[in-house]
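**Q** Let me begin by handing over the structure; questions about it come next.
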Amino acid sequence: MVAFDEMTGTEGDVRQAYTALDRWLKEAPPEMLALRRSQAELFFRRIGITFAVYGDEESTERLIPFDIIPRVLTKPEWTKLEAGLRQRVTALNMFLADVYGPRECIKAGIIPADLVYRNACYQLEMVDFQVPHGIYCHIAGIDIVRVDADTFYVLEDNARTPSGVSYMMENREVMLRLFPELFATHRVAPVDNYPDQLLATLRSVAPRSSPADPNICLLTPGQYNSAFYEHSFLADKLGVELVEGSDLLVKDDVVYMRTTQGPKRVDVIYRRIDDDFIDPLVFRSDSVLGVPGLIGAYKAGNVTLANAVGTGVADDKAVYSYMPEIVKFFTGEDPILKNVPTFRCREPEANAYVLDNLEQLVVKEVNGSGGYGMLVGPHANKAQLETFRRKLKAQPEGFIAQPTLALSTCPTFVASGVAPRHVDLRPYVLSGANGISCVPGGLTRVALKEGSLVVNSSQGGGTKDTWVLDA
Amino acid sequence: MRIRISHAISYVYAEPARHITQILRLTPRDHDGQHVMSWRIEPTIDGRLRATQDPFGNIVHTFSADGPIADMAIQVEGLIETTDLAGIVRGVTERVPVEVFRRDTLLTMPDAALAAFAEDVTRAAETPLSKMHALMEALHETLPCIETGQRTGLGAAAAFAAGESIPQDMAHVFMTCARHLDVAARYVSGYVAQSDTLPHANGAHAWAEVHLDDYGWIGFDPANGLCPIDTHVRVAAGLDFADAAPVRGARKGGDGEALAVRVSARNADGRAANQ
């Protein structure tokens, strides 16, 4: 399977977006690249940007490997992508408003009822509840892969608490320091206005009863969470308080933040705690991370949660397979971004095909994330294939399967020099009462192992700076 | 039957609590088989008590109070008129689609043992209704039920593996098996009036309801081995115990909590009252 290389295409001719970068790479001595890479690592260590790997006892905190060669997208490529992202996120929000409201898409047979109703992420507390300004998914991370010059697929929607945006920003920051000469020869669209856009989005969705200058805070599960660095980074950039559950209290359905000047009313919470843990009085009672009474305050209309409770029903991998129909149903338009062809193992015929062709397919748990609980058929050994065969027979509805895609590659600086490695892209899309916004680019993740298709940082992936050329 | 219910839930804290919030599902609603004649719910300390409804249509009181609180109690008194409808549940406010009750939850996760049990004991039964009866009877005979309070809930699979169960987990086991057989099932908390024949009576209790196409919702009480009759007072329902628990609470401070529950549910018909 020959992958499309974003620098050299499939024929080996350097594509227009990469001409300047190619020239620079050819002139750059390997020692210089190695030096810059070690400087980059030093920067990241000094910033303290780390993430935790669950199930890894030896080192709970690691640096995500950073690749110093940027990934370049042209303005026309991005313009098309952005239109597709706006359409997709619009549809996601309309879908959520519908399944928690009139349920038209279920009545119309667009999506099977049991996929929604039996889904543990379909939060009954949200049924018939009007969320502030009608927006559910304020911050979405849409994972995109590319297979040729013109074709981008959505691999996965992340509508709960998508992470990684701090890497997008830090990567740019580090690149600006390491390679000022490259920014002199390329007109790269900036990403540093993301916090401003996020703040504007959060302010726009404050409850109508709140003051003109709403009090916003970022709720984190705490320092043991894998994305804690990002939580503190974003709170700092937004200029809002970083709080844990124990810093908030609810009285008479109003949320307050403990401060040295006494309790201060909170209007909007950018929460990075999952639904299940956010309020022990309503969801898991053993949660010590959440805020007792928060859901009561939310439902009384006194506070906005971003994202809303219950958005997980929209990014479930089984629901994903219906997204093209969902986009069409709610927007009345053909989807601009394609879905990866997906086999729903819940359908007996599809499951039979998947079982017969396991070696060629990627199998994913419907409710998994972060590359956990996933089988990459072509790279799996016999035992792994057998395990998944058993799982697929025992609980077919828990899985989907997709063909192994030839993900595009980008030039990457590895031990042997500059070599192509597979990449994906996670742009961040913000939805507020003020409209939809999306900073150009997003987070590019790269599978550093030769031939590997798994880009997740928990599975040995790295990141790159993503450039959208203004001209 | 008229049933007089008295339920007191008391807390004593070794170290006074600074703040308490409780979610109370302690208030029954009318349906075809029961009429609430009077009902009162009263905390013994000052605080804020506000009534709402949850997604299942249960009446929920949120009680919150500021400390220092050394001890407190929630007292419930009421009188209910019930009719024997042989387990059929009608006239209940239904707010979520039936399909929701086919979901697996934390406390009703199926495992191989439960799946095998459900299939084995219902194999001979022909209709969905007779399957549910077969399931209830088999469960009632196979899994000894001990009183609530002797042990905390474990969830269906663990309780079944433990070989004995409290009524709450009896309901979970029954629901898990029913869902495995593709029947929608829900958890019910309530009271059972004093009885000479029922092993689990004169107190708070838990059972299950299943939804069958020809009948709607029907109650099954595996701990007592029968479908609810006029001894049963239905208070709250949900996907499992967590949705219908009489009390869910959170507090600041208040270490060393000691809980005491006193509950009675007695026949208050004229004849019985004169005895």
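Identifiers in this document derive from the order of the structure tokens: chains are assigned A, B, ..., residues are numbered from 1 separately in each chain, and ligands are numbered from 1 in order of occurrence.
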Please identify the strand (DSSP E or B) residues within stretch 12-236 of chain B (assignment by DSSP from backbone atoms) and present them as a tab-separated table (two decimals) with N, CA and C atoms, in the first residue's frame.

**A**
```tsv
chain	number	residue	atom	x	y	z
B	12	VAL	N	-25.63	10.51	62.94
B	12	VAL	CA	-24.87	11.17	64.00
B	12	VAL	C	-23.44	11.26	63.50
B	13	TYR	N	-22.83	12.44	63.68
B	13	TYR	CA	-21.46	12.63	63.21
B	13	TYR	C	-20.52	12.82	64.38
B	14	ALA	N	-19.42	12.05	64.39
B	14	ALA	CA	-18.42	12.19	65.44
B	14	ALA	C	-17.83	13.60	65.39
B	15	GLU	N	-17.59	14.05	64.15
B	15	GLU	CA	-17.13	15.43	63.97
B	15	GLU	C	-18.23	16.15	63.19
B	16	PRO	N	-18.77	17.26	63.74
B	16	PRO	CA	-19.93	17.89	63.09
B	16	PRO	C	-19.70	18.20	61.62
B	17	ALA	N	-20.75	18.02	60.82
B	17	ALA	CA	-20.65	18.32	59.39
B	17	ALA	C	-20.79	19.83	59.18
B	18	ARG	N	-20.04	20.36	58.20
B	18	ARG	CA	-20.14	21.79	57.90
B	18	ARG	C	-21.26	22.07	56.91
B	19	HIS	N	-21.53	21.10	56.05
B	19	HIS	CA	-22.58	21.29	55.05
B	19	HIS	C	-23.07	19.92	54.59
B	20	ILE	N	-24.39	19.84	54.39
B	20	ILE	CA	-24.97	18.57	53.94
B	20	ILE	C	-25.87	18.84	52.74
B	21	THR	N	-25.76	18.03	51.71
B	21	THR	CA	-26.75	18.06	50.63
B	21	THR	C	-27.25	16.64	50.44
B	22	GLN	N	-28.55	16.47	50.39
B	22	GLN	CA	-29.10	15.13	50.17
B	22	GLN	C	-30.15	15.16	49.06
B	23	ILE	N	-30.15	14.10	48.29
B	23	ILE	CA	-31.16	13.90	47.26
B	23	ILE	C	-32.08	12.79	47.78
B	24	LEU	N	-33.34	13.13	48.01
B	24	LEU	CA	-34.25	12.17	48.64
B	24	LEU	C	-35.28	11.67	47.63
B	25	ARG	N	-35.33	10.37	47.46
B	25	ARG	CA	-36.42	9.78	46.67
B	25	ARG	C	-37.26	8.98	47.63
B	26	LEU	N	-38.10	9.70	48.35
B	26	LEU	CA	-38.84	9.11	49.47
B	26	LEU	C	-40.32	9.43	49.36
B	27	THR	N	-40.77	9.87	48.18
B	27	THR	CA	-42.16	10.30	48.05
B	27	THR	C	-42.86	9.53	46.93
B	31	HIS	N	-50.59	5.82	41.20
B	31	HIS	CA	-50.82	5.12	39.94
B	31	HIS	C	-52.03	4.24	40.13
B	34	GLN	N	-52.14	2.37	43.44
B	34	GLN	CA	-51.93	3.03	44.73
B	34	GLN	C	-52.37	4.48	44.71
B	35	HIS	N	-52.90	4.93	45.85
B	35	HIS	CA	-53.32	6.31	45.99
B	35	HIS	C	-52.67	6.86	47.27
B	36	VAL	N	-51.99	7.98	47.12
B	36	VAL	CA	-51.31	8.56	48.28
B	36	VAL	C	-52.33	9.43	49.03
B	37	MET	N	-52.71	9.01	50.21
B	37	MET	CA	-53.72	9.75	50.98
B	37	MET	C	-53.08	10.89	51.76
B	38	SER	N	-51.95	10.62	52.33
B	38	SER	CA	-51.21	11.70	52.97
B	38	SER	C	-49.74	11.34	52.98
B	39	TRP	N	-48.89	12.36	52.91
B	39	TRP	CA	-47.46	12.10	52.90
B	39	TRP	C	-46.73	13.32	53.39
B	40	ARG	N	-45.78	13.12	54.26
B	40	ARG	CA	-45.05	14.23	54.84
B	40	ARG	C	-43.58	13.84	54.94
B	41	ILE	N	-42.74	14.77	54.58
B	41	ILE	CA	-41.31	14.49	54.64
B	41	ILE	C	-40.66	15.65	55.38
B	42	GLU	N	-39.97	15.35	56.46
B	42	GLU	CA	-39.54	16.41	57.35
B	42	GLU	C	-38.14	16.17	57.91
B	43	PRO	N	-37.22	17.05	57.59
B	43	PRO	CA	-35.90	16.97	58.24
B	43	PRO	C	-36.00	17.52	59.66
B	48	ARG	N	-32.95	23.83	53.52
B	48	ARG	CA	-33.78	24.13	52.35
B	48	ARG	C	-34.22	22.82	51.72
B	49	LEU	N	-35.51	22.67	51.52
B	49	LEU	CA	-36.07	21.45	50.94
B	49	LEU	C	-36.82	21.86	49.69
B	50	ARG	N	-36.41	21.29	48.54
B	50	ARG	CA	-37.02	21.72	47.28
B	50	ARG	C	-37.40	20.48	46.49
B	51	ALA	N	-38.60	20.46	45.93
B	51	ALA	CA	-39.06	19.27	45.21
B	51	ALA	C	-38.92	19.46	43.70
B	52	THR	N	-38.40	18.46	43.03
B	52	THR	CA	-38.34	18.45	41.56
B	52	THR	C	-38.68	17.03	41.10
B	53	GLN	N	-38.59	16.84	39.79
B	53	GLN	CA	-38.77	15.49	39.26
B	53	GLN	C	-37.49	15.07	38.56
B	59	ILE	N	-40.42	11.73	42.20
B	59	ILE	CA	-40.36	12.99	42.94
B	59	ILE	C	-39.06	13.00	43.74
B	60	VAL	N	-38.31	14.06	43.56
B	60	VAL	CA	-37.00	14.17	44.21
B	60	VAL	C	-36.99	15.41	45.08
B	61	HIS	N	-36.63	15.24	46.34
B	61	HIS	CA	-36.42	16.40	47.20
B	61	HIS	C	-34.92	16.61	47.37
B	62	THR	N	-34.50	17.85	47.17
B	62	THR	CA	-33.12	18.18	47.47
B	62	THR	C	-33.11	18.91	48.80
B	63	PHE	N	-32.38	18.35	49.75
B	63	PHE	CA	-32.29	18.98	51.07
B	63	PHE	C	-30.86	19.44	51.30
B	64	SER	N	-30.69	20.70	51.66
B	64	SER	CA	-29.35	21.14	51.99
B	64	SER	C	-29.38	21.97	53.26
B	65	ALA	N	-28.34	21.83	54.08
B	65	ALA	CA	-28.27	22.53	55.35
B	65	ALA	C	-26.82	22.87	55.66
B	66	ASP	N	-26.63	23.99	56.34
B	66	ASP	CA	-25.28	24.38	56.75
B	66	ASP	C	-25.05	24.02	58.20
B	67	GLY	N	-23.82	23.73	58.54
B	67	GLY	CA	-23.46	23.25	59.86
B	67	GLY	C	-23.16	24.37	60.82
B	68	PRO	N	-22.65	24.04	61.96
B	68	PRO	CA	-22.26	22.67	62.32
B	68	PRO	C	-23.47	21.78	62.62
B	69	ILE	N	-23.42	20.57	62.07
B	69	ILE	CA	-24.51	19.61	62.27
B	69	ILE	C	-23.94	18.39	62.99
B	70	ALA	N	-24.37	18.18	64.20
B	70	ALA	CA	-23.87	17.04	64.98
B	70	ALA	C	-24.72	15.81	64.72
B	71	ASP	N	-26.00	16.03	64.53
B	71	ASP	CA	-26.88	14.92	64.20
B	71	ASP	C	-28.10	15.45	63.47
B	72	MET	N	-28.74	14.62	62.71
B	72	MET	CA	-29.94	15.02	61.98
B	72	MET	C	-30.72	13.78	61.58
B	73	ALA	N	-31.96	13.98	61.21
B	73	ALA	CA	-32.76	12.86	60.71
B	73	ALA	C	-33.73	13.37	59.66
B	74	ILE	N	-34.10	12.48	58.76
B	74	ILE	CA	-35.17	12.74	57.80
B	74	ILE	C	-36.33	11.85	58.24
B	75	GLN	N	-37.48	12.46	58.51
B	75	GLN	CA	-38.62	11.68	58.96
B	75	GLN	C	-39.71	11.69	57.91
B	76	VAL	N	-40.21	10.51	57.63
B	76	VAL	CA	-41.25	10.37	56.61
B	76	VAL	C	-42.44	9.67	57.23
B	77	GLU	N	-43.62	10.25	57.05
B	77	GLU	CA	-44.85	9.63	57.55
B	77	GLU	C	-45.88	9.68	56.44
B	78	GLY	N	-46.64	8.61	56.27
B	78	GLY	CA	-47.65	8.67	55.24
B	78	GLY	C	-48.66	7.54	55.30
B	79	LEU	N	-49.71	7.74	54.55
B	79	LEU	CA	-50.78	6.75	54.48
B	79	LEU	C	-51.12	6.51	53.01
B	80	ILE	N	-51.13	5.25	52.62
B	80	ILE	CA	-51.34	4.89	51.22
B	80	ILE	C	-52.48	3.88	51.12
B	81	GLU	N	-53.29	4.07	50.10
B	81	GLU	CA	-54.34	3.09	49.81
B	81	GLU	C	-53.90	2.29	48.59
B	82	THR	N	-53.84	0.97	48.72
B	82	THR	CA	-53.35	0.16	47.60
B	82	THR	C	-54.41	-0.84	47.12
B	88	ILE	N	-49.34	-5.71	37.82
B	88	ILE	CA	-49.44	-4.81	36.67
B	88	ILE	C	-49.32	-3.36	37.13
B	89	VAL	N	-48.45	-2.61	36.44
B	89	VAL	CA	-48.20	-1.22	36.83
B	89	VAL	C	-48.74	-0.30	35.74
B	145	CYS	N	-31.97	-14.77	50.25
B	145	CYS	CA	-32.01	-13.32	50.42
B	145	CYS	C	-31.91	-12.97	51.89
B	165	SER	N	-27.80	-12.72	48.88
B	165	SER	CA	-27.98	-11.37	48.38
B	165	SER	C	-28.96	-10.60	49.24
B	184	ALA	N	-36.87	-5.33	28.58
B	184	ALA	CA	-36.55	-4.10	29.31
B	184	ALA	C	-36.91	-4.28	30.78
B	185	ALA	N	-36.02	-3.85	31.67
B	185	ALA	CA	-36.24	-4.05	33.10
B	185	ALA	C	-35.79	-2.83	33.88
B	186	ARG	N	-36.52	-2.52	34.96
B	186	ARG	CA	-36.10	-1.40	35.80
B	186	ARG	C	-36.18	-1.75	37.28
B	187	TYR	N	-35.50	-0.92	38.04
B	187	TYR	CA	-35.36	-1.13	39.48
B	187	TYR	C	-36.42	-0.29	40.19
B	188	VAL	N	-37.01	-0.86	41.23
B	188	VAL	CA	-38.03	-0.13	41.98
B	188	VAL	C	-37.69	-0.16	43.46
B	189	SER	N	-37.76	1.00	44.10
B	189	SER	CA	-37.63	1.00	45.55
B	189	SER	C	-38.97	1.39	46.14
B	190	GLY	N	-39.27	0.85	47.31
B	190	GLY	CA	-40.56	1.15	47.92
B	190	GLY	C	-40.67	0.51	49.29
B	191	TYR	N	-41.89	0.21	49.67
B	191	TYR	CA	-42.15	-0.39	50.98
B	191	TYR	C	-43.02	-1.62	50.79
B	192	VAL	N	-42.88	-2.58	51.73
B	192	VAL	CA	-43.80	-3.71	51.75
B	192	VAL	C	-44.43	-3.76	53.14
B	203	GLY	N	-41.30	-2.99	55.91
B	203	GLY	CA	-40.13	-2.11	55.81
B	203	GLY	C	-39.89	-1.66	54.39
B	204	ALA	N	-38.72	-1.04	54.23
B	204	ALA	CA	-38.30	-0.61	52.89
B	204	ALA	C	-37.88	-1.84	52.11
B	205	HIS	N	-38.09	-1.80	50.82
B	205	HIS	CA	-37.80	-2.98	50.02
B	205	HIS	C	-37.45	-2.56	48.59
B	206	ALA	N	-36.98	-3.52	47.81
B	206	ALA	CA	-36.66	-3.24	46.41
B	206	ALA	C	-37.07	-4.42	45.56
B	207	TRP	N	-37.56	-4.14	44.36
B	207	TRP	CA	-37.90	-5.20	43.44
B	207	TRP	C	-37.68	-4.72	42.02
B	208	ALA	N	-38.18	-5.43	41.04
B	208	ALA	CA	-37.94	-5.07	39.65
B	208	ALA	C	-39.25	-4.98	38.89
B	209	GLU	N	-39.21	-4.27	37.76
B	209	GLU	CA	-40.34	-4.28	36.83
B	209	GLU	C	-39.81	-4.58	35.45
B	210	VAL	N	-40.56	-5.36	34.69
B	210	VAL	CA	-40.16	-5.62	33.30
B	210	VAL	C	-41.27	-5.13	32.38
B	211	HIS	N	-40.88	-4.82	31.16
B	211	HIS	CA	-41.85	-4.32	30.19
B	211	HIS	C	-42.12	-5.40	29.15
B	212	LEU	N	-43.36	-5.86	29.08
B	212	LEU	CA	-43.73	-6.87	28.10
B	212	LEU	C	-44.78	-6.26	27.16
B	216	GLY	N	-47.45	-4.13	29.21
B	216	GLY	CA	-46.81	-2.94	29.79
B	216	GLY	C	-45.89	-3.38	30.92
B	217	TRP	N	-45.74	-2.50	31.92
B	217	TRP	CA	-44.83	-2.81	33.02
B	217	TRP	C	-45.48	-3.76	34.03
B	218	ILE	N	-44.73	-4.77	34.46
B	218	ILE	CA	-45.19	-5.71	35.48
B	218	ILE	C	-44.09	-5.86	36.53
B	219	GLY	N	-44.50	-5.81	37.80
B	219	GLY	CA	-43.53	-5.95	38.88
B	219	GLY	C	-43.20	-7.41	39.17
B	220	PHE	N	-41.95	-7.64	39.57
B	220	PHE	CA	-41.51	-8.96	40.03
B	220	PHE	C	-40.64	-8.76	41.26
B	221	ASP	N	-41.00	-9.44	42.34
B	221	ASP	CA	-40.27	-9.28	43.60
B	221	ASP	C	-39.56	-10.60	43.92
B	226	LEU	N	-42.85	-13.23	44.52
B	226	LEU	CA	-44.17	-13.02	43.92
B	226	LEU	C	-44.22	-11.68	43.19
B	232	HIS	N	-47.49	-3.91	48.49
B	232	HIS	CA	-46.34	-3.18	47.96
B	232	HIS	C	-46.67	-1.72	47.66
B	233	VAL	N	-45.82	-0.82	48.15
B	233	VAL	CA	-45.94	0.61	47.86
B	233	VAL	C	-44.73	1.02	47.02
B	234	ARG	N	-45.04	1.51	45.82
B	234	ARG	CA	-43.99	1.84	44.87
B	234	ARG	C	-43.57	3.29	45.06
B	235	VAL	N	-42.27	3.55	45.27
B	235	VAL	CA	-41.82	4.92	45.51
B	235	VAL	C	-41.02	5.49	44.34
B	236	ALA	N	-39.96	4.80	43.92
B	236	ALA	CA	-39.12	5.37	42.86
B	236	ALA	C	-38.60	4.26	41.96
```

**Q** Could you list the residues in chain B lying within 9 Å of chain A, using only C-alpha atoms, and format the result as number ranges by chain?

**A** B: 21-23, 48, 54-56, 62, 64, 95-105, 242-243, 248-251

**Q** Using only C-alpha atoms, can you tell me which of B:Pro199, B:Gly153, B:Gly254, B:Pro222 comes closest to B:His140?

**A**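 Ranking B:Pro199, B:Gly153, B:Gly254, B:Pro222 by distance to B:His140, first place goes to B:Pro222.
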
**Q** Leaving out B:Arg123 and any residue of its chain fewer than 3 positions from it, which residues lie within 12 Å of it when counting only C-alpha atoms, given as a PyMOL selection string?

**A** chain B and resi 116-120+126-128+130-132+134-135+138+181

**Q** Just the number, please: distance in Å from atom CA of B:Asp182 to atom CA of A:Gly101, one decimal.

**A**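 Atom-to-atom, atom CA of B:Asp182 and atom CA of A:Gly101 are spaced 26.2 Å apart.
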
**Q** Which value, in Å to one decimal, gives the distance between atom CA of A:Val266 and atom CA of A:Cys217?

**A** 7.3 Å

**Q** Applying 8 Å and only C-alpha atoms, which residues near stretch 467-470 of chain A remain after dropping the ones on its own chain fewer than 3 positions away? List them as a JSON list (two decimals) with all heavy atoms, in the first residue's frame.

**A**
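Saved to selection.json:
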```json
[["chain", "number", "residue", "atom", "x", "y", "z"],
["A", 17, "ALA", "N", 3.08, 23.29, -1.91],
["A", 17, "ALA", "CA", 3.09, 23.76, -0.53],
["A", 17, "ALA", "C", 4.45, 23.57, 0.12],
["A", 17, "ALA", "O", 4.84, 24.31, 1.03],
["A", 17, "ALA", "CB", 2.02, 23.01, 0.28],
["A", 70, "PRO", "N", 7.77, 20.92, 10.14],
["A", 70, "PRO", "CA", 6.34, 21.23, 10.17],
["A", 70, "PRO", "C", 5.57, 20.50, 9.07],
["A", 70, "PRO", "O", 6.14, 20.08, 8.06],
["A", 70, "PRO", "CB", 6.30, 22.74, 9.94],
["A", 70, "PRO", "CG", 7.56, 23.05, 9.20],
["A", 70, "PRO", "CD", 8.59, 22.07, 9.68],
["A", 71, "ARG", "N", 4.28, 20.35, 9.31],
["A", 71, "ARG", "CA", 3.39, 19.83, 8.29],
["A", 71, "ARG", "C", 2.71, 21.04, 7.64],
["A", 71, "ARG", "O", 2.23, 21.93, 8.34],
["A", 71, "ARG", "CB", 2.34, 18.96, 8.94],
["A", 71, "ARG", "CG", 1.38, 18.39, 7.93],
["A", 71, "ARG", "CD", 0.00, 18.26, 8.48],
["A", 71, "ARG", "NE", -0.74, 17.27, 7.72],
["A", 71, "ARG", "CZ", -1.62, 16.45, 8.24],
["A", 71, "ARG", "NH1", -1.87, 16.51, 9.52],
["A", 71, "ARG", "NH2", -2.26, 15.60, 7.48],
["A", 72, "VAL", "N", 2.65, 21.04, 6.32],
["A", 72, "VAL", "CA", 2.19, 22.24, 5.62],
["A", 72, "VAL", "C", 0.90, 21.96, 4.84],
["A", 72, "VAL", "O", 0.81, 20.99, 4.09],
["A", 72, "VAL", "CB", 3.27, 22.75, 4.63],
["A", 72, "VAL", "CG1", 2.85, 24.10, 4.06],
["A", 72, "VAL", "CG2", 4.62, 22.86, 5.32],
["A", 73, "LEU", "N", -0.10, 22.81, 5.06],
["A", 73, "LEU", "CA", -1.34, 22.74, 4.28],
["A", 73, "LEU", "C", -1.49, 24.07, 3.54],
["A", 73, "LEU", "O", -1.12, 25.12, 4.06],
["A", 73, "LEU", "CB", -2.55, 22.54, 5.20],
["A", 73, "LEU", "CG", -2.59, 21.23, 6.00],
["A", 73, "LEU", "CD1", -3.70, 21.29, 7.05],
["A", 73, "LEU", "CD2", -2.80, 20.05, 5.07],
["A", 74, "THR", "N", -2.02, 24.00, 2.32],
["A", 74, "THR", "CA", -2.21, 25.25, 1.58],
["A", 74, "THR", "C", -3.53, 25.89, 1.99],
["A", 74, "THR", "O", -4.41, 25.24, 2.56],
["A", 74, "THR", "CB", -2.27, 25.00, 0.06],
["A", 74, "THR", "OG1", -3.36, 24.14, -0.21],
["A", 74, "THR", "CG2", -0.98, 24.37, -0.44],
["A", 75, "LYS", "N", -3.66, 27.13, 1.65],
["A", 75, "LYS", "CA", -4.89, 27.87, 1.97],
["A", 75, "LYS", "C", -6.13, 27.19, 1.35],
["A", 75, "LYS", "O", -7.12, 27.00, 2.06],
["A", 75, "LYS", "CB", -4.76, 29.30, 1.46],
["A", 75, "LYS", "CG", -5.99, 30.14, 1.67],
["A", 75, "LYS", "CD", -5.79, 31.11, 2.79],
["A", 75, "LYS", "CE", -7.06, 31.88, 3.06],
["A", 75, "LYS", "NZ", -6.83, 32.98, 3.98],
["A", 78, "TRP", "N", -7.07, 24.13, 3.33],
["A", 78, "TRP", "CA", -7.66, 24.46, 4.62],
["A", 78, "TRP", "C", -9.07, 25.03, 4.47],
["A", 78, "TRP", "O", -9.96, 24.73, 5.25],
["A", 78, "TRP", "CB", -6.77, 25.44, 5.38],
["A", 78, "TRP", "CG", -7.44, 25.89, 6.63],
["A", 78, "TRP", "CD1", -7.96, 27.12, 6.90],
["A", 78, "TRP", "CD2", -7.73, 25.08, 7.78],
["A", 78, "TRP", "NE1", -8.55, 27.14, 8.13],
["A", 78, "TRP", "CE2", -8.44, 25.89, 8.70],
["A", 78, "TRP", "CE3", -7.49, 23.75, 8.12],
["A", 78, "TRP", "CZ2", -8.88, 25.43, 9.93],
["A", 78, "TRP", "CZ3", -7.94, 23.27, 9.34],
["A", 78, "TRP", "CH2", -8.63, 24.11, 10.23],
["A", 186, "HIS", "N", 7.89, 31.77, 4.88],
["A", 186, "HIS", "CA", 6.53, 31.24, 4.74],
["A", 186, "HIS", "C", 5.56, 32.18, 5.43],
["A", 186, "HIS", "O", 5.86, 32.66, 6.52],
["A", 186, "HIS", "CB", 6.40, 29.86, 5.40],
["A", 186, "HIS", "CG", 7.16, 28.78, 4.73],
["A", 186, "HIS", "ND1", 8.50, 28.56, 4.94],
["A", 186, "HIS", "CD2", 6.77, 27.82, 3.85],
["A", 186, "HIS", "CE1", 8.91, 27.53, 4.23],
["A", 186, "HIS", "NE2", 7.88, 27.05, 3.55],
["A", 187, "ARG", "N", 4.40, 32.39, 4.80],
["A", 187, "ARG", "CA", 3.36, 33.16, 5.51],
["A", 187, "ARG", "C", 2.43, 32.18, 6.20],
["A", 187, "ARG", "O", 1.53, 31.63, 5.60],
["A", 187, "ARG", "CB", 2.60, 34.05, 4.53],
["A", 187, "ARG", "CG", 3.39, 35.31, 4.17],
["A", 187, "ARG", "CD", 2.57, 36.26, 3.34],
["A", 187, "ARG", "NE", 1.31, 36.62, 3.99],
["A", 187, "ARG", "CZ", 0.32, 37.24, 3.36],
["A", 187, "ARG", "NH1", 0.44, 37.53, 2.08],
["A", 187, "ARG", "NH2", -0.78, 37.55, 4.01],
["A", 188, "VAL", "N", 2.70, 31.94, 7.48],
["A", 188, "VAL", "CA", 1.97, 30.92, 8.23],
["A", 188, "VAL", "C", 0.84, 31.58, 9.03],
["A", 188, "VAL", "O", 1.08, 32.54, 9.77],
["A", 188, "VAL", "CB", 2.92, 30.17, 9.20],
["A", 188, "VAL", "CG1", 2.17, 29.08, 9.95],
["A", 188, "VAL", "CG2", 4.10, 29.59, 8.43],
["A", 189, "ALA", "N", -0.37, 31.07, 8.89],
["A", 189, "ALA", "CA", -1.51, 31.62, 9.63],
["A", 189, "ALA", "C", -1.29, 31.39, 11.13],
["A", 189, "ALA", "O", -0.90, 30.29, 11.54],
["A", 189, "ALA", "CB", -2.81, 30.96, 9.18],
["A", 440, "PRO", "N", -6.69, 28.12, 12.19],
["A", 440, "PRO", "CA", -6.19, 27.37, 11.04],
["A", 440, "PRO", "C", -5.20, 26.27, 11.46],
["A", 440, "PRO", "O", -4.27, 26.54, 12.20],
["A", 440, "PRO", "CB", -5.47, 28.44, 10.21],
["A", 440, "PRO", "CG", -5.99, 29.74, 10.70],
["A", 440, "PRO", "CD", -6.34, 29.54, 12.13],
["A", 441, "GLY", "N", -5.47, 25.07, 11.03],
["A", 441, "GLY", "CA", -4.56, 23.97, 11.34],
["A", 441, "GLY", "C", -5.13, 23.07, 12.41],
["A", 441, "GLY", "O", -6.23, 22.55, 12.28]]
```

**Q** Tell me which protein, DNA and RNA residues are within 10 Å of A:Arg344, counting only C-alpha atoms, leaving out same-chain ones fewer than 4 positions away, and put them as a list in words.

**A**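 Residues near the query, excluding close chain neighbours: Lys317, Ala318, Val319, Ser321, Tyr322, Pro348, Glu349, Ala350, Asn351, Val354, Val366, Pro396, Glu397, Gly398, Phe399, Ile400, Ala401 and Gln402 of chain A.
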
**Q** Skip A:Pro211 itself and residues of its chain fewer than 2 positions away, then list as a list of chain:residue names all residues within 12 Å of it, counting only C-alpha atoms.

**A** A:Arg203, A:Ser204, A:Val205, A:Ala206, A:Pro207, A:Arg208, A:Ser209, A:Asp213, A:Pro214, A:Asn215, A:Ile216, A:Arg265, A:Val266, A:Asp267, A:Val268, A:Asn302, A:Val303

**Q** Which distance in Å separates atom CA of A:Val145 and atom CA of A:Pro335, to one decimal?

**A**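 That distance, rounded to one decimal, is 15.7 Å.
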
**Q** For A:Leu405, please output as a ChimeraX atom specification all residues within 10 Å (counting only C-alpha atoms; exclusion window: fewer than 5 positions along the same chain).

**A** /A:1,3,145-147,153,340-341,360-362,453
